[in-house]
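Accompanying notes for the structure given below.
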Amino acid sequence: MPHVAIAGAGLAGRLIAWRLARAGWRVSLFDRGARDDRRSASHVAAAMLSPLAERVSSDGVVFDLAQRAMALWSTWVPELQQDSGHEVYHRREGTLVLAHPADRGTLEHFAQVLRQKLEPQQQDLVRTVDRPGVAALEPSLAGRFEQGLHLVGDGQLANDELLAALTVALDRFRSEWHDGCEVTSLTPGALQTAEGRCDADVVVDTRGIGAKAALPGLRGVRGEVLTVECPGVELRRPVRLMHPRYQMYIAPRPRHRFVVGATELESEDRGPTTVRSVLELGSALYSLHPAFGEARLVHMAASLRPAFDDHRPVLRSTRGVWELNGLYRHGYLCAPALVDDLVRTLS
Ligand SMILES: Cc1cc2nc3c(=O)[nH]c(=O)nc-3n(C[C@H](O)[C@H](O)[C@H](O)COP(=O)(O)OP(=O)(O)OC[C@H]3O[C@@H](n4cnc5c(N)ncnc54)[C@H](O)[C@@H]3O)c2cc1C
């Protein structure tokens, strides 16, 4: 039975571990955090799967990976539910992009750039919706917006459910999970921790920003999100609200919860969410629907997106050690395609 040792149990590490465990590999997974540590980018993310909404600010490489990943999620989520016995919230109802009247120009520019980047056969995925169209898609927002865009095929996941299901599935496959275990070096055939050495046929580095010292050019991009609970509003799909300075989104979750995000700051500060960010995200949320004024703020979180300068993810073997990193703001969007490539290469 081939043996893989993986450094980092975020989204990338867990997905690789699960796919290889299912293919019959012996898996050893190491993370410096505890199993219930929720500080990694993978835990903090909104986990929107939005190839179209992200296409405006990302390049064709990310878009192609995202399209493959969307298809993989459709088979992987049911497989994971079966392997773990846990429900994982996964929807593909599109993204609704909206703007207040003062920001209408920003919405029009967004639509223009997106359409220019899409192939002729993809144009139908970007649908302009008017006031009744917004109401039909999201009855809670009826009468509040004159115009919007429905990006057909975008989706979302509940990352807390997904990461928990991966943990259970890995236990069921009898994978070894070493938590609270800092990896200090990776070499072909061996991974070194403070507690000792693990020999394996294949070694994979998925430490996110924790690999910064080993990966020249990797940087952390700070992002903050709020989670609110608001029984007064129902949304079926993520809503993006145009703003001249930033894009803000609200992603619905089970049990009347909404993830509101996200800031994007060139900073490697891992400190708690700032008052300024709470005010900006909170006021945009309130402007979407005043019922959000009564929403309960149940969680605030900040983390670092691991990114390279070109904002493209990297999957490569460097001197015999596999590295998957630089997922930036597209980890959930792209990871399955890269993990699938790795698993196929190793098989
Ligand atoms: C606010 C925010 C919102 C986001 N929203 C989205 C979104 O809507 N859609 C989307 O697709 N993506 C989103 N992302 C991006 C996504 O979260 C990341 O791209 C992805 O989670 C990166 O996963 P990873 O496994 O590479 O890294 P991480 O999640 O950072 O995991 C790395 C793991 O390695 C461990 N580690 C680090 N160093 C060591 C060491 N020396 N030894 C052992 N273990 C170590 C860490 O403890 C951690 O568990 C968002 C990110 C943020 C911060």
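Letters A, B, ... mark the chains of the structure tokens in the order given; residue numbers begin at 1 per chain; ligand numbers begin at 1, in order shown.
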Surrounding residues of region 71-81 of chain A excluding itself and chain neighbours under 4 positions, 8 Å, only C-alpha atoms, as a list in words: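 Contacts, in chain order: Gln67, Gly85, His86, Glu87, Val88, His90, Ala165, Leu166, Ala169, Pro336 and Ala337 of chain A.
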Residues as selected, C-alpha atoms, written as an mmCIF file, in the first residue's frame, can you do that?
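Output saved as part.cif:
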```
data_model
loop_
_atom_site.group_PDB
_atom_site.id
_atom_site.type_symbol
_atom_site.label_atom_id
_atom_site.label_comp_id
_atom_site.auth_asym_id
_atom_site.auth_seq_id
_atom_site.Cartn_x
_atom_site.Cartn_y
_atom_site.Cartn_z
ATOM 1 C CA GLN A 67 -15.081 24.989 -14.427
ATOM 2 C CA GLY A 85 -22.448 9.914 6.762
ATOM 3 C CA HIS A 86 -22.617 13.752 7.094
ATOM 4 C CA GLU A 87 -24.731 16.233 5.140
ATOM 5 C CA VAL A 88 -22.795 18.893 3.239
ATOM 6 C CA HIS A 90 -23.914 22.469 -1.635
ATOM 7 C CA ALA A 165 -17.203 15.629 6.784
ATOM 8 C CA LEU A 166 -13.654 15.260 5.435
ATOM 9 C CA ALA A 169 -14.278 10.328 6.252
ATOM 10 C CA PRO A 336 -10.738 19.882 -6.704
ATOM 11 C CA ALA A 337 -9.265 20.293 -10.194
#
```
Run DSSP on the backbone and give me the residues of region 242-291 of chain A it puts in helix (DSSP H, G or I), as number ranges by chain. A: 275-288, 290-291
Could you write those residues out with N, CA and C atoms, as a compact mmCIF listing (two decimals), in the first residue's frame?
```
# COMPACT_ATOMS: atom_id res chain seq x y z
N VAL A 275 -12.88 47.16 13.88
CA VAL A 275 -14.15 47.89 13.94
C VAL A 275 -14.49 48.45 12.55
N ARG A 276 -13.48 48.97 11.88
CA ARG A 276 -13.72 49.54 10.54
C ARG A 276 -14.34 48.49 9.61
N SER A 277 -13.79 47.27 9.63
CA SER A 277 -14.32 46.23 8.75
C SER A 277 -15.74 45.83 9.14
N VAL A 278 -16.00 45.76 10.45
CA VAL A 278 -17.36 45.42 10.89
C VAL A 278 -18.33 46.51 10.42
N LEU A 279 -17.89 47.78 10.51
CA LEU A 279 -18.77 48.88 10.09
C LEU A 279 -19.03 48.81 8.58
N GLU A 280 -17.98 48.59 7.80
CA GLU A 280 -18.14 48.57 6.34
C GLU A 280 -19.01 47.40 5.90
N LEU A 281 -18.68 46.21 6.40
CA LEU A 281 -19.47 45.03 5.99
C LEU A 281 -20.89 45.14 6.54
N GLY A 282 -21.00 45.59 7.78
CA GLY A 282 -22.33 45.69 8.41
C GLY A 282 -23.21 46.71 7.72
N SER A 283 -22.64 47.85 7.32
CA SER A 283 -23.49 48.87 6.69
C SER A 283 -23.92 48.44 5.29
N ALA A 284 -23.03 47.75 4.58
CA ALA A 284 -23.43 47.23 3.26
C ALA A 284 -24.54 46.20 3.43
N LEU A 285 -24.42 45.37 4.45
CA LEU A 285 -25.45 44.35 4.70
C LEU A 285 -26.79 45.01 5.01
N TYR A 286 -26.75 46.03 5.84
CA TYR A 286 -27.97 46.76 6.22
C TYR A 286 -28.60 47.44 5.01
N SER A 287 -27.74 47.88 4.08
CA SER A 287 -28.27 48.54 2.89
C SER A 287 -28.92 47.53 1.93
N LEU A 288 -28.57 46.27 2.05
CA LEU A 288 -29.21 45.25 1.21
C LEU A 288 -30.66 45.04 1.65
N PRO A 290 -33.11 46.24 5.32
CA PRO A 290 -33.07 46.78 6.69
C PRO A 290 -33.32 45.72 7.77
N ALA A 291 -33.96 44.60 7.40
CA ALA A 291 -34.16 43.54 8.41
C ALA A 291 -32.83 43.03 8.95
```
What are the closest atom pairs, with distances in Å to one decimal, for all residues of chain A lying within 7 Å of ligand 1? Consider only C-alpha atoms and all ligand atoms, order rows by chain and residue number, and present the result as CSV.
```
residue,atom,partner,partner_atom_place_in_ligand_line,distance
A:Ala7,CA,ligand 1,43 (C),5.3
A:Gly8,CA,ligand 1,34 (O),3.3
A:Ala9,CA,ligand 1,49 (O),4.6
A:Gly10,CA,ligand 1,31 (O),3.4
A:Leu11,CA,ligand 1,25 (O),4.0
A:Ala12,CA,ligand 1,25 (O),3.9
A:Gly13,CA,ligand 1,25 (O),5.7
A:Phe30,CA,ligand 1,43 (C),5.5
A:Asp31,CA,ligand 1,44 (N),3.5
A:Arg32,CA,ligand 1,43 (C),4.0
A:Gly33,CA,ligand 1,47 (O),4.8
A:Ser40,CA,ligand 1,29 (O),4.4
A:Ala41,CA,ligand 1,29 (O),3.9
A:Ser42,CA,ligand 1,21 (O),3.2
A:His43,CA,ligand 1,29 (O),6.6
A:Val44,CA,ligand 1,1 (C),5.6
A:Ala45,CA,ligand 1,4 (C),3.5
A:Ala46,CA,ligand 1,8 (O),4.0
A:Ala47,CA,ligand 1,8 (O),3.8
A:Met48,CA,ligand 1,8 (O),3.7
A:Leu49,CA,ligand 1,9 (N),5.7
A:Cys181,CA,ligand 1,43 (C),5.9
A:Glu182,CA,ligand 1,42 (N),3.7
A:Val183,CA,ligand 1,42 (N),3.7
A:Thr184,CA,ligand 1,41 (N),5.8
A:Thr206,CA,ligand 1,26 (O),5.6
A:Arg207,CA,ligand 1,34 (O),3.5
A:Gly208,CA,ligand 1,27 (O),3.8
A:Ile209,CA,ligand 1,30 (O),5.9
A:Gly210,CA,ligand 1,38 (N),3.5
A:Ala211,CA,ligand 1,38 (N),6.0
A:Arg222,CA,ligand 1,53 (C),6.3
A:Gly223,CA,ligand 1,1 (C),3.9
A:Glu224,CA,ligand 1,1 (C),4.6
A:Val225,CA,ligand 1,1 (C),5.3
A:Gly261,CA,ligand 1,1 (C),6.5
A:Ala262,CA,ligand 1,1 (C),5.3
A:Thr263,CA,ligand 1,1 (C),6.8
A:Ala302,CA,ligand 1,1 (C),6.1
A:Ser303,CA,ligand 1,53 (C),4.6
A:Leu304,CA,ligand 1,53 (C),5.0
A:Arg305,CA,ligand 1,53 (C),4.8
A:Pro306,CA,ligand 1,22 (C),6.4
A:Leu324,CA,ligand 1,26 (O),6.9
A:Asn325,CA,ligand 1,26 (O),5.2
A:Gly326,CA,ligand 1,26 (O),6.7
A:Leu327,CA,ligand 1,19 (O),4.0
A:Tyr328,CA,ligand 1,19 (O),4.4
A:Arg329,CA,ligand 1,15 (C),3.7
A:His330,CA,ligand 1,11 (O),3.5
A:Gly331,CA,ligand 1,19 (O),3.2
A:Tyr332,CA,ligand 1,11 (O),3.3
A:Leu333,CA,ligand 1,11 (O),3.8
A:Cys334,CA,ligand 1,11 (O),6.6
```
Please, could you write that set of residues out with N, CA and C atoms as a short mmCIF file (atom, residue, chain, number, x, y, z; two decimals), in the first residue's frame?
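And here's result10.cif as it stands now:
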```
data_model
loop_
_atom_site.label_atom_id
_atom_site.label_comp_id
_atom_site.auth_asym_id
_atom_site.auth_seq_id
_atom_site.Cartn_x
_atom_site.Cartn_y
_atom_site.Cartn_z
N ALA A 7 1.63 17.71 4.81
CA ALA A 7 1.82 18.77 5.81
C ALA A 7 0.74 19.82 5.59
N GLY A 8 -0.18 19.98 6.55
CA GLY A 8 -1.24 20.99 6.46
C GLY A 8 -2.58 20.35 6.20
N ALA A 9 -3.50 20.53 7.15
CA ALA A 9 -4.83 19.91 7.04
C ALA A 9 -5.91 20.96 6.80
N GLY A 10 -5.61 21.92 5.92
CA GLY A 10 -6.65 22.84 5.45
C GLY A 10 -7.45 22.14 4.36
N LEU A 11 -8.09 22.91 3.52
CA LEU A 11 -8.89 22.32 2.44
C LEU A 11 -8.03 21.45 1.53
N ALA A 12 -6.89 22.00 1.09
CA ALA A 12 -6.05 21.27 0.12
C ALA A 12 -5.56 19.96 0.72
N GLY A 13 -5.02 20.02 1.93
CA GLY A 13 -4.48 18.81 2.57
C GLY A 13 -5.56 17.76 2.80
N PHE A 30 -0.57 15.89 8.85
CA PHE A 30 0.01 16.62 9.98
C PHE A 30 -0.48 18.07 9.95
N ASP A 31 -0.89 18.59 11.09
CA ASP A 31 -1.23 20.01 11.16
C ASP A 31 -0.76 20.57 12.50
N ARG A 32 -0.29 21.82 12.43
CA ARG A 32 0.20 22.42 13.68
C ARG A 32 -0.95 22.81 14.60
N GLY A 33 -2.15 22.96 14.03
CA GLY A 33 -3.30 23.32 14.85
C GLY A 33 -4.03 22.09 15.38
N SER A 40 -7.59 28.70 10.09
CA SER A 40 -7.01 28.62 8.74
C SER A 40 -7.94 29.32 7.74
N ALA A 41 -7.37 29.68 6.59
CA ALA A 41 -8.18 30.30 5.53
C ALA A 41 -9.36 29.40 5.18
N SER A 42 -9.12 28.09 5.18
CA SER A 42 -10.19 27.15 4.79
C SER A 42 -11.38 27.23 5.72
N HIS A 43 -11.14 27.49 6.99
CA HIS A 43 -12.26 27.59 7.94
C HIS A 43 -12.95 28.95 7.85
N VAL A 44 -12.19 29.98 7.56
CA VAL A 44 -12.75 31.34 7.58
C VAL A 44 -13.50 31.66 6.27
N ALA A 45 -13.16 30.98 5.20
CA ALA A 45 -13.70 31.31 3.86
C ALA A 45 -15.22 31.30 3.80
N ALA A 46 -15.74 32.03 2.82
CA ALA A 46 -17.19 32.00 2.56
C ALA A 46 -17.55 30.80 1.69
N ALA A 47 -16.56 30.22 1.04
CA ALA A 47 -16.72 29.00 0.21
C ALA A 47 -17.74 29.16 -0.91
N MET A 48 -17.73 30.34 -1.52
CA MET A 48 -18.55 30.51 -2.72
C MET A 48 -17.82 29.86 -3.89
N LEU A 49 -18.60 29.24 -4.75
CA LEU A 49 -18.05 28.59 -5.95
C LEU A 49 -18.54 29.42 -7.12
N CYS A 181 0.88 19.34 15.60
CA CYS A 181 2.19 18.80 15.21
C CYS A 181 2.80 19.66 14.10
N GLU A 182 3.72 20.50 14.48
CA GLU A 182 4.36 21.43 13.53
C GLU A 182 5.32 20.67 12.62
N VAL A 183 5.18 20.86 11.32
CA VAL A 183 6.13 20.26 10.37
C VAL A 183 7.29 21.24 10.20
N THR A 184 8.51 20.75 10.37
CA THR A 184 9.65 21.66 10.30
C THR A 184 10.41 21.55 8.98
N THR A 206 1.01 21.25 1.88
CA THR A 206 -0.20 22.08 1.71
C THR A 206 -0.36 22.95 2.96
N ARG A 207 0.71 23.66 3.32
CA ARG A 207 0.68 24.44 4.56
C ARG A 207 0.14 25.85 4.37
N GLY A 208 -0.36 26.18 3.18
CA GLY A 208 -0.88 27.53 2.97
C GLY A 208 0.21 28.55 3.31
N ILE A 209 -0.16 29.63 3.98
CA ILE A 209 0.81 30.68 4.30
C ILE A 209 1.88 30.17 5.26
N GLY A 210 1.63 29.03 5.91
CA GLY A 210 2.64 28.42 6.79
C GLY A 210 3.87 27.95 6.02
N ALA A 211 3.77 27.89 4.68
CA ALA A 211 4.92 27.46 3.86
C ALA A 211 5.71 28.66 3.33
N ARG A 222 -4.89 39.40 3.85
CA ARG A 222 -5.85 39.32 4.96
C ARG A 222 -7.30 39.43 4.48
N GLY A 223 -8.15 38.60 5.03
CA GLY A 223 -9.59 38.68 4.73
C GLY A 223 -10.39 38.50 5.99
N GLU A 224 -11.48 39.28 6.11
CA GLU A 224 -12.34 39.20 7.30
C GLU A 224 -13.78 38.92 6.87
N VAL A 225 -14.46 38.11 7.64
CA VAL A 225 -15.88 37.84 7.38
C VAL A 225 -16.67 37.92 8.68
N GLY A 261 -18.97 39.03 3.62
CA GLY A 261 -17.53 39.29 3.44
C GLY A 261 -17.31 40.06 2.17
N ALA A 262 -16.15 40.12 1.84
CA ALA A 262 -14.98 39.91 2.68
C ALA A 262 -14.05 41.08 2.42
N THR A 263 -13.31 41.44 3.44
CA THR A 263 -12.29 42.45 3.20
C THR A 263 -11.12 41.80 2.48
N ALA A 302 -10.98 36.31 10.90
CA ALA A 302 -9.99 36.86 9.96
C ALA A 302 -8.95 35.79 9.69
N SER A 303 -8.45 35.76 8.46
CA SER A 303 -7.38 34.80 8.15
C SER A 303 -6.57 35.32 6.96
N LEU A 304 -5.57 34.54 6.57
CA LEU A 304 -4.70 34.96 5.46
C LEU A 304 -4.87 34.03 4.27
N ARG A 305 -5.20 34.61 3.12
CA ARG A 305 -5.27 33.84 1.87
C ARG A 305 -3.84 33.68 1.37
N PRO A 306 -3.40 32.44 1.08
CA PRO A 306 -2.05 32.27 0.55
C PRO A 306 -2.03 32.62 -0.95
N LEU A 324 1.13 22.18 -3.23
CA LEU A 324 -0.12 22.78 -3.73
C LEU A 324 -0.37 24.00 -2.86
N ASN A 325 -0.30 25.18 -3.49
CA ASN A 325 -0.41 26.40 -2.69
C ASN A 325 -0.85 27.57 -3.58
N GLY A 326 -0.93 28.75 -2.97
CA GLY A 326 -1.30 29.96 -3.72
C GLY A 326 -2.76 29.96 -4.15
N LEU A 327 -3.60 29.30 -3.37
CA LEU A 327 -5.03 29.22 -3.79
C LEU A 327 -5.75 30.56 -3.62
N TYR A 328 -5.12 31.50 -2.92
CA TYR A 328 -5.62 32.89 -2.83
C TYR A 328 -7.11 32.91 -2.49
N ARG A 329 -7.96 33.61 -3.27
CA ARG A 329 -9.38 33.67 -2.92
C ARG A 329 -10.19 32.60 -3.66
N HIS A 330 -9.45 31.59 -4.20
CA HIS A 330 -10.11 30.60 -5.06
C HIS A 330 -9.92 29.17 -4.61
N GLY A 331 -9.68 28.96 -3.31
CA GLY A 331 -9.42 27.60 -2.84
C GLY A 331 -10.59 26.67 -3.11
N TYR A 332 -11.77 27.07 -2.67
CA TYR A 332 -12.95 26.21 -2.89
C TYR A 332 -13.30 26.16 -4.36
N LEU A 333 -13.05 27.28 -5.03
CA LEU A 333 -13.38 27.37 -6.45
C LEU A 333 -12.53 26.43 -7.30
N CYS A 334 -11.26 26.27 -6.95
CA CYS A 334 -10.33 25.56 -7.85
C CYS A 334 -9.74 24.27 -7.30
#
```
Proximity to Met248 (chain A) - best of A:Gly232, A:Gln123, A:Ala53, A:Thr318, only C-alpha atoms: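 Comparing A:Gly232, A:Gln123, A:Ala53, A:Thr318 against Met248 (chain A), the winner is A:Ala53.
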Using only C-alpha atoms, the residue out of A:Glu268, A:Tyr89, A:Val56, A:Leu15 with shortest distance to Asp160 (chain A) is A:Tyr89
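Nearest residue to Thr128 (chain A), choosing from A:His109, A:His150, A:Arg253, A:Arg92 and counting only C-alpha atoms: A:His150.
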Check the smallest atom-to-atom distance from each of A:Thr227, A:Gln82, A:Thr167, A:Gln122 to Val298 (chain A) using only C-alpha atoms, then report the winner.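 The shortest atom-to-atom distance to Val298 (chain A) comes from A:Thr227.
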Selection near Leu96 (chain A), 9 Å with only C-alpha atoms, sequence-local residues under 3 positions removed, as a ChimeraX atom specification: /A:134,137-138,148-152,237-241
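Taking only C-alpha atoms into account, Ile6 (chain A) lies nearest to A:Gly189 out of the set A:Pro272, A:Gly105, A:Gly196, A:Gly189.
Proximity of A:Arg19, A:Arg197, A:Arg236, A:Arg255 to Leu346 (chain A), computed with only C-alpha atoms, is greatest for A:Arg19.
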So how far away is CA of Ala307 (chain A) from CA of Leu218 (chain A), in Å? 5.6 Å
Give me, please, the distance in Å between CA of Asp124 (chain A) and CA of Asp154 (chain A), quoted to one decimal.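 Taking CA of Asp124 (chain A) and CA of Asp154 (chain A), their separation equals 13.2 Å.
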Can you measure CA of Asn159 (chain A) to CA of Arg172 (chain A) for me? One decimal in Å is fine.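 Answer for the CA of Asn159 (chain A) to CA of Arg172 (chain A) separation: 19.8 Å.
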Any idea what's packed within 12 Å of region 112-121 of chain A, counting only C-alpha atoms, ignoring anything in its chain fewer than 5 positions away? Could you give it as a VMD selection string? chain A and resid 51 to 60 63 to 64 105 to 107 126 to 128 149 151
